[in-house]
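Participant: For reference, the structure I am asking about is given below.
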Amino acid sequence: MSAKPQKTYTATAALLASLLWLPISLHAQGPAADSTAILRSAVYNHPVVDSQGMVVTQNAIASKVGAQILASGGNAVDAAVATGFALAVALPRAGNIGGGGFMLVYLSEQNQTIAIDYREKAPAAAHRDLYLDANDEIIPDDSRFTHRAAGVPGTVAGLHHALINYGTMAWTDVVAPAIELAKAGIIVSSDLADNLTRAKRRLGKNQASLKKFYKDNESNYQVGDLFQQPDLAQTLERISAEGPKGFYTGRTAELIVADMQAHDGLITIDDLANYQAIEREPVHGNYRGHEIVSMPPPSSGGIHIIQMLNVLENFDLNATGYGSALYINRMAEVMKYAYADRSVYLGDPDFYEVPQEWLLNKTYAKEIAGKIVAGKATPSNEILPGKPDNYESPDTTHFSIMDSKGNAVANTYTLNFSYGSGITIPGTGMLLNNEMDDFSSKPGVANAFGLLGDTANEIQPQKRPLSSMTPTFVFKDGKPWFVTGSPGGSRIISAVLQQIVNVIDFGMNSADSAAQPRIHHQWQPDRLQLEPGFSPDTIHLLEAMGYDVQSVSRTWGAVQNIVSHNGMFFGGADPRRADAGALGPDGLECLNNTVACRLP
């Protein structure tokens, strides 16, 4: 592809320093929007409104980085790449350069959506029985908390692919804010301090992680402390100077491989040098007059989102009443059938022929709908994966971005577990992913998220593990209308499904939708999980239907929503994450006191 004109990022040192601390909830007033379901006054939760674009992430510092890129003239892809690197610094438990993920890009001028797959790959030395002992039993934690748990990281390659092909700014300029954040440090929030304290038992088992995340290799960071990451800054500087070569070859690669060799790891110099991000054809569906575009395999999310919407289209959800027992019954039954199919038919399409056309077929969806009985829970052992005709974490993080030119990005990336394997590569400041656990180590044995798999997702060299990450666009009148996605391991798919239903069927705005309590059923185990917020009466009705209801004490997921309407952008950051923030260029000017505006 021909070189693109480069723009220069002109942020001053003072402006970068202002990234170190920032209010979490950011609201800027723009021109008045029509009174629609997108922005109503009589709601509990109000979106952030901006006329120039929107960045919604799990961390407000990263949101500000993205908003600055938009304000300087960058497009949504430029902002996405800068945001991705900033999250690697400001949200260390999920933002990363040592993991991988998926990015959807919509280009307005070309009217085209691109799916970029930068999922981790199994090292060349990996094999089907990698995590089994001599008795064919799974070795406890071998695929989760060891160097052998790491797949070859894809984040740096994926972000570079996006920028070089679809961005407008120089690579060095979009990496610069993350370098400055790592060097100067970020102010420790209550969320980060609490999270590091809770993770200390696991992170403390690795000396490099202990050094990185705890003062003097021992003490917990407190709220208001300055958290600096000099090793990560140097790694980012090599990436800035050399592009992917600064990560997949040279000093950084040597440090990774040396630590692998010292701890029976699998990743080699050749594994790193041979990694490439690739483009795939997005999956498409339609639901009540809206086009749904999402990530294809090896993400399972896009196919099953569309599959479930195809089934739900056979029911009048609005008539059931949002949050009612009958509504939850419909949603839970649909989820069971989709997750049952996921256990058998989904895997890396480069290694397994996924029956995509059949799974997305509305005739198959109608068959499933005919099996769902109102007010009755079908036991999971009576639900088997469908039979096709012949056919062709919970700590991840997601961000959504839209710009004033109509471009959009939905990006979900991860280390798998919170802080991945808990292992930091000495000298790099980089955490290792533990994505190998997303493979099926043994058919019929669940992974850490309780998800079952079969031969479609068995371990093979160079294969990408199946994922639940589900970056998604909803189109209305041919243009991106709603951008969404979430972390949450196996619960990602159900969380994104509920966002789409919330805004289409129930007319919720982006913030109200993000705040609603969620449900989850993944077929096996046969258990309906409910977040806090559902009434005891509803729970009793569900139990009477035959559900094993588990009312969890903690919330899950962190959806990041944007709705575009009448030239305005409405951002809804999930309130489940304390540091989340939505911000656009108008709001950035507000924070810099250059325009009259209101902050809460």
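A note on labels: chains of the structure tokens are A, B, ... as shown, every chain counts residues from 1, and ligands are counted from 1 in their shown order.
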Select from region 240-316 of chain A every residue with an atom at most 12 Å from any atom of region 126-142 of chain A, then for each give the shortest pair of atoms and their distance in Å to one decimal, using only C-alpha atoms, rows by chain and rising number, as a Markdown table.
Facilitator:
```
| residue | atom | partner | partner_atom | distance |
| --- | --- | --- | --- | --- |
| A:Asp264 | CA | A:Asp142 | CA | 11.0 |
| A:Gly265 | CA | A:Ala126 | CA | 10.3 |
| A:Leu266 | CA | A:Ala126 | CA | 7.3 |
| A:Ile267 | CA | A:Ala126 | CA | 9.3 |
| A:Thr268 | CA | A:Ala126 | CA | 11.4 |
| A:Asp271 | CA | A:Ala126 | CA | 11.0 |
```
Participant: Just the selected residues (N, CA, C and O atoms), exported as a PDB file, in the first residue's frame, please.
Facilitator:
```pdb
ATOM      1  N   ASP A 264      11.731 -22.839  31.005  1.00  0.00           N
ATOM      2  CA  ASP A 264      11.052 -23.896  30.262  1.00  0.00           C
ATOM      3  C   ASP A 264       9.918 -23.346  29.405  1.00  0.00           C
ATOM      4  O   ASP A 264       8.913 -24.018  29.167  1.00  0.00           O
ATOM      5  N   GLY A 265      10.074 -22.102  28.929  1.00  0.00           N
ATOM      6  CA  GLY A 265       9.070 -21.523  28.052  1.00  0.00           C
ATOM      7  C   GLY A 265       9.231 -22.009  26.625  1.00  0.00           C
ATOM      8  O   GLY A 265      10.215 -22.669  26.270  1.00  0.00           O
ATOM      9  N   LEU A 266       8.278 -21.675  25.770  1.00  0.00           N
ATOM     10  CA  LEU A 266       8.253 -22.207  24.414  1.00  0.00           C
ATOM     11  C   LEU A 266       8.594 -21.197  23.336  1.00  0.00           C
ATOM     12  O   LEU A 266       9.015 -21.559  22.235  1.00  0.00           O
ATOM     13  N   ILE A 267       8.398 -19.912  23.593  1.00  0.00           N
ATOM     14  CA  ILE A 267       8.553 -18.904  22.552  1.00  0.00           C
ATOM     15  C   ILE A 267      10.023 -18.736  22.175  1.00  0.00           C
ATOM     16  O   ILE A 267      10.886 -18.556  23.040  1.00  0.00           O
ATOM     17  N   THR A 268      10.288 -18.793  20.873  1.00  0.00           N
ATOM     18  CA  THR A 268      11.652 -18.671  20.355  1.00  0.00           C
ATOM     19  C   THR A 268      11.810 -17.387  19.547  1.00  0.00           C
ATOM     20  O   THR A 268      10.829 -16.694  19.236  1.00  0.00           O
ATOM     21  N   ASP A 271       9.711 -17.720  16.497  1.00  0.00           N
ATOM     22  CA  ASP A 271       8.288 -17.490  16.768  1.00  0.00           C
ATOM     23  C   ASP A 271       7.968 -16.004  16.719  1.00  0.00           C
ATOM     24  O   ASP A 271       6.971 -15.577  16.125  1.00  0.00           O
TER      25      ASP A 271
END
```
Participant: Do you know which residues are at most 7 Å from region 46-55 of chain A counting only C-alpha atoms, after dropping those on the same chain fewer than 4 positions away, and could you put them as a PDB file with N, CA and C atoms, in the first residue's frame?
Facilitator:
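Writing the result to out-v2.pdb gives the following:
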```pdb
ATOM      1  N   LEU A  26     -16.548  12.594  32.600  1.00  0.00           N
ATOM      2  CA  LEU A  26     -16.289  13.812  31.857  1.00  0.00           C
ATOM      3  C   LEU A  26     -17.475  14.130  30.961  1.00  0.00           C
ATOM      4  N   HIS A  27     -18.135  15.267  31.177  1.00  0.00           N
ATOM      5  CA  HIS A  27     -19.287  15.646  30.360  1.00  0.00           C
ATOM      6  C   HIS A  27     -19.036  17.021  29.754  1.00  0.00           C
ATOM      7  N   ALA A  28     -19.138  17.115  28.450  1.00  0.00           N
ATOM      8  CA  ALA A  28     -19.025  18.410  27.780  1.00  0.00           C
ATOM      9  C   ALA A  28     -20.322  18.707  27.060  1.00  0.00           C
ATOM     10  N   GLN A  29     -20.765  19.935  27.152  1.00  0.00           N
ATOM     11  CA  GLN A  29     -21.990  20.318  26.471  1.00  0.00           C
ATOM     12  C   GLN A  29     -21.683  20.727  25.040  1.00  0.00           C
ATOM     13  N   GLY A  30     -22.407  20.169  24.099  1.00  0.00           N
ATOM     14  CA  GLY A  30     -22.310  20.574  22.706  1.00  0.00           C
ATOM     15  C   GLY A  30     -23.659  21.104  22.264  1.00  0.00           C
ATOM     16  N   SER A  63      -8.340   7.556  27.626  1.00  0.00           N
ATOM     17  CA  SER A  63      -9.362   8.275  26.864  1.00  0.00           C
ATOM     18  C   SER A  63      -8.879   9.674  26.487  1.00  0.00           C
ATOM     19  N   GLY A  66      -6.461   9.489  23.551  1.00  0.00           N
ATOM     20  CA  GLY A  66      -7.187   9.343  22.295  1.00  0.00           C
ATOM     21  C   GLY A  66      -7.870  10.624  21.867  1.00  0.00           C
ATOM     22  N   ALA A  67      -8.475  11.344  22.819  1.00  0.00           N
ATOM     23  CA  ALA A  67      -9.149  12.601  22.489  1.00  0.00           C
ATOM     24  C   ALA A  67      -8.160  13.641  21.988  1.00  0.00           C
ATOM     25  N   SER A 400     -13.836   1.964  22.399  1.00  0.00           N
ATOM     26  CA  SER A 400     -14.609   2.352  21.215  1.00  0.00           C
ATOM     27  C   SER A 400     -14.264   3.781  20.852  1.00  0.00           C
ATOM     28  N   ILE A 401     -14.125   4.047  19.549  1.00  0.00           N
ATOM     29  CA  ILE A 401     -13.741   5.382  19.079  1.00  0.00           C
ATOM     30  C   ILE A 401     -14.515   5.713  17.808  1.00  0.00           C
ATOM     31  N   MET A 402     -14.994   6.947  17.706  1.00  0.00           N
ATOM     32  CA  MET A 402     -15.577   7.464  16.473  1.00  0.00           C
ATOM     33  C   MET A 402     -15.013   8.864  16.245  1.00  0.00           C
ATOM     34  N   ASP A 403     -14.808   9.217  14.977  1.00  0.00           N
ATOM     35  CA  ASP A 403     -14.317  10.562  14.677  1.00  0.00           C
ATOM     36  C   ASP A 403     -15.340  11.344  13.859  1.00  0.00           C
ATOM     37  N   SER A 404     -15.073  12.624  13.658  1.00  0.00           N
ATOM     38  CA  SER A 404     -16.038  13.515  13.009  1.00  0.00           C
ATOM     39  C   SER A 404     -16.196  13.236  11.518  1.00  0.00           C
ATOM     40  N   SER A 510     -26.555   5.222  25.370  1.00  0.00           N
ATOM     41  CA  SER A 510     -25.315   4.458  25.509  1.00  0.00           C
ATOM     42  C   SER A 510     -24.880   4.290  26.967  1.00  0.00           C
ATOM     43  N   ALA A 511     -25.149   5.275  27.804  1.00  0.00           N
ATOM     44  CA  ALA A 511     -24.753   5.189  29.210  1.00  0.00           C
ATOM     45  C   ALA A 511     -25.732   4.340  30.014  1.00  0.00           C
ATOM     46  N   ASP A 512     -27.031   4.524  29.757  1.00  0.00           N
ATOM     47  CA  ASP A 512     -28.031   3.743  30.477  1.00  0.00           C
ATOM     48  C   ASP A 512     -27.871   2.256  30.167  1.00  0.00           C
ATOM     49  N   GLY A 567     -25.083  13.961  13.938  1.00  0.00           N
ATOM     50  CA  GLY A 567     -23.807  14.656  13.977  1.00  0.00           C
ATOM     51  C   GLY A 567     -23.192  14.781  15.346  1.00  0.00           C
ATOM     52  N   MET A 568     -23.808  14.154  16.351  1.00  0.00           N
ATOM     53  CA  MET A 568     -23.284  14.183  17.714  1.00  0.00           C
ATOM     54  C   MET A 568     -22.870  12.771  18.138  1.00  0.00           C
ATOM     55  N   PHE A 569     -21.979  12.722  19.120  1.00  0.00           N
ATOM     56  CA  PHE A 569     -21.479  11.443  19.624  1.00  0.00           C
ATOM     57  C   PHE A 569     -21.802  11.324  21.103  1.00  0.00           C
ATOM     58  N   PHE A 570     -22.387  10.190  21.482  1.00  0.00           N
ATOM     59  CA  PHE A 570     -22.863   9.978  22.842  1.00  0.00           C
ATOM     60  C   PHE A 570     -22.099   8.793  23.440  1.00  0.00           C
ATOM     61  N   GLY A 571     -21.176   9.085  24.357  1.00  0.00           N
ATOM     62  CA  GLY A 571     -20.315   8.059  24.922  1.00  0.00           C
ATOM     63  C   GLY A 571     -20.807   7.554  26.258  1.00  0.00           C
ATOM     64  N   GLY A 572     -20.835   6.238  26.406  1.00  0.00           N
ATOM     65  CA  GLY A 572     -21.234   5.620  27.674  1.00  0.00           C
ATOM     66  C   GLY A 572     -20.163   4.683  28.175  1.00  0.00           C
ATOM     67  N   ALA A 582     -15.234   8.603  29.237  1.00  0.00           N
ATOM     68  CA  ALA A 582     -15.566   8.939  27.853  1.00  0.00           C
ATOM     69  C   ALA A 582     -15.194  10.394  27.634  1.00  0.00           C
ATOM     70  N   LEU A 583     -14.562  10.676  26.495  1.00  0.00           N
ATOM     71  CA  LEU A 583     -14.095  12.033  26.247  1.00  0.00           C
ATOM     72  C   LEU A 583     -13.925  12.254  24.749  1.00  0.00           C
ATOM     73  N   GLY A 584     -14.280  13.456  24.300  1.00  0.00           N
ATOM     74  CA  GLY A 584     -14.054  13.851  22.920  1.00  0.00           C
ATOM     75  C   GLY A 584     -13.324  15.174  22.875  1.00  0.00           C
ATOM     76  N   PRO A 585     -13.009  15.673  21.674  1.00  0.00           N
ATOM     77  CA  PRO A 585     -12.285  16.943  21.552  1.00  0.00           C
ATOM     78  C   PRO A 585     -12.977  18.122  22.228  1.00  0.00           C
ATOM     79  N   ASP A 586     -14.315  18.211  22.164  1.00  0.00           N
ATOM     80  CA  ASP A 586     -15.013  19.293  22.868  1.00  0.00           C
ATOM     81  C   ASP A 586     -14.724  19.236  24.362  1.00  0.00           C
ATOM     82  N   GLY A 587     -14.803  18.023  24.912  1.00  0.00           N
ATOM     83  CA  GLY A 587     -14.542  17.853  26.334  1.00  0.00           C
ATOM     84  C   GLY A 587     -13.104  18.137  26.694  1.00  0.00           C
TER      85      GLY A 587
END
```
Participant: What does the distance between CA of Gly370 (chain A) and CA of Gly321 (chain A) come to in Å, to one decimal place?
Facilitator: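 For CA of Gly370 (chain A) relative to CA of Gly321 (chain A), the distance reads 20.9 Å.
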Participant: If we count only C-alpha atoms, what is near Gly347 (chain A) at a cut-off of 6 Å, once residues fewer than 6 positions away on the same chain are taken out, given as a PyMOL selection string?
Facilitator: chain A and resi 298+456-457+466
Participant: Identify, on the basis of only C-alpha atoms, every residue whose closest approach to region 278-288 of chain A does not exceed 6 Å; exclude the query and any residue fewer than 4 positions from it along the same chain; express the result as a list in words.
Facilitator: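 Surrounding residues, per the criterion: Ala115, Ile116, Asp117, Ile292, Val293, Ser294, Met295, Pro296 and Ile306 of chain A.
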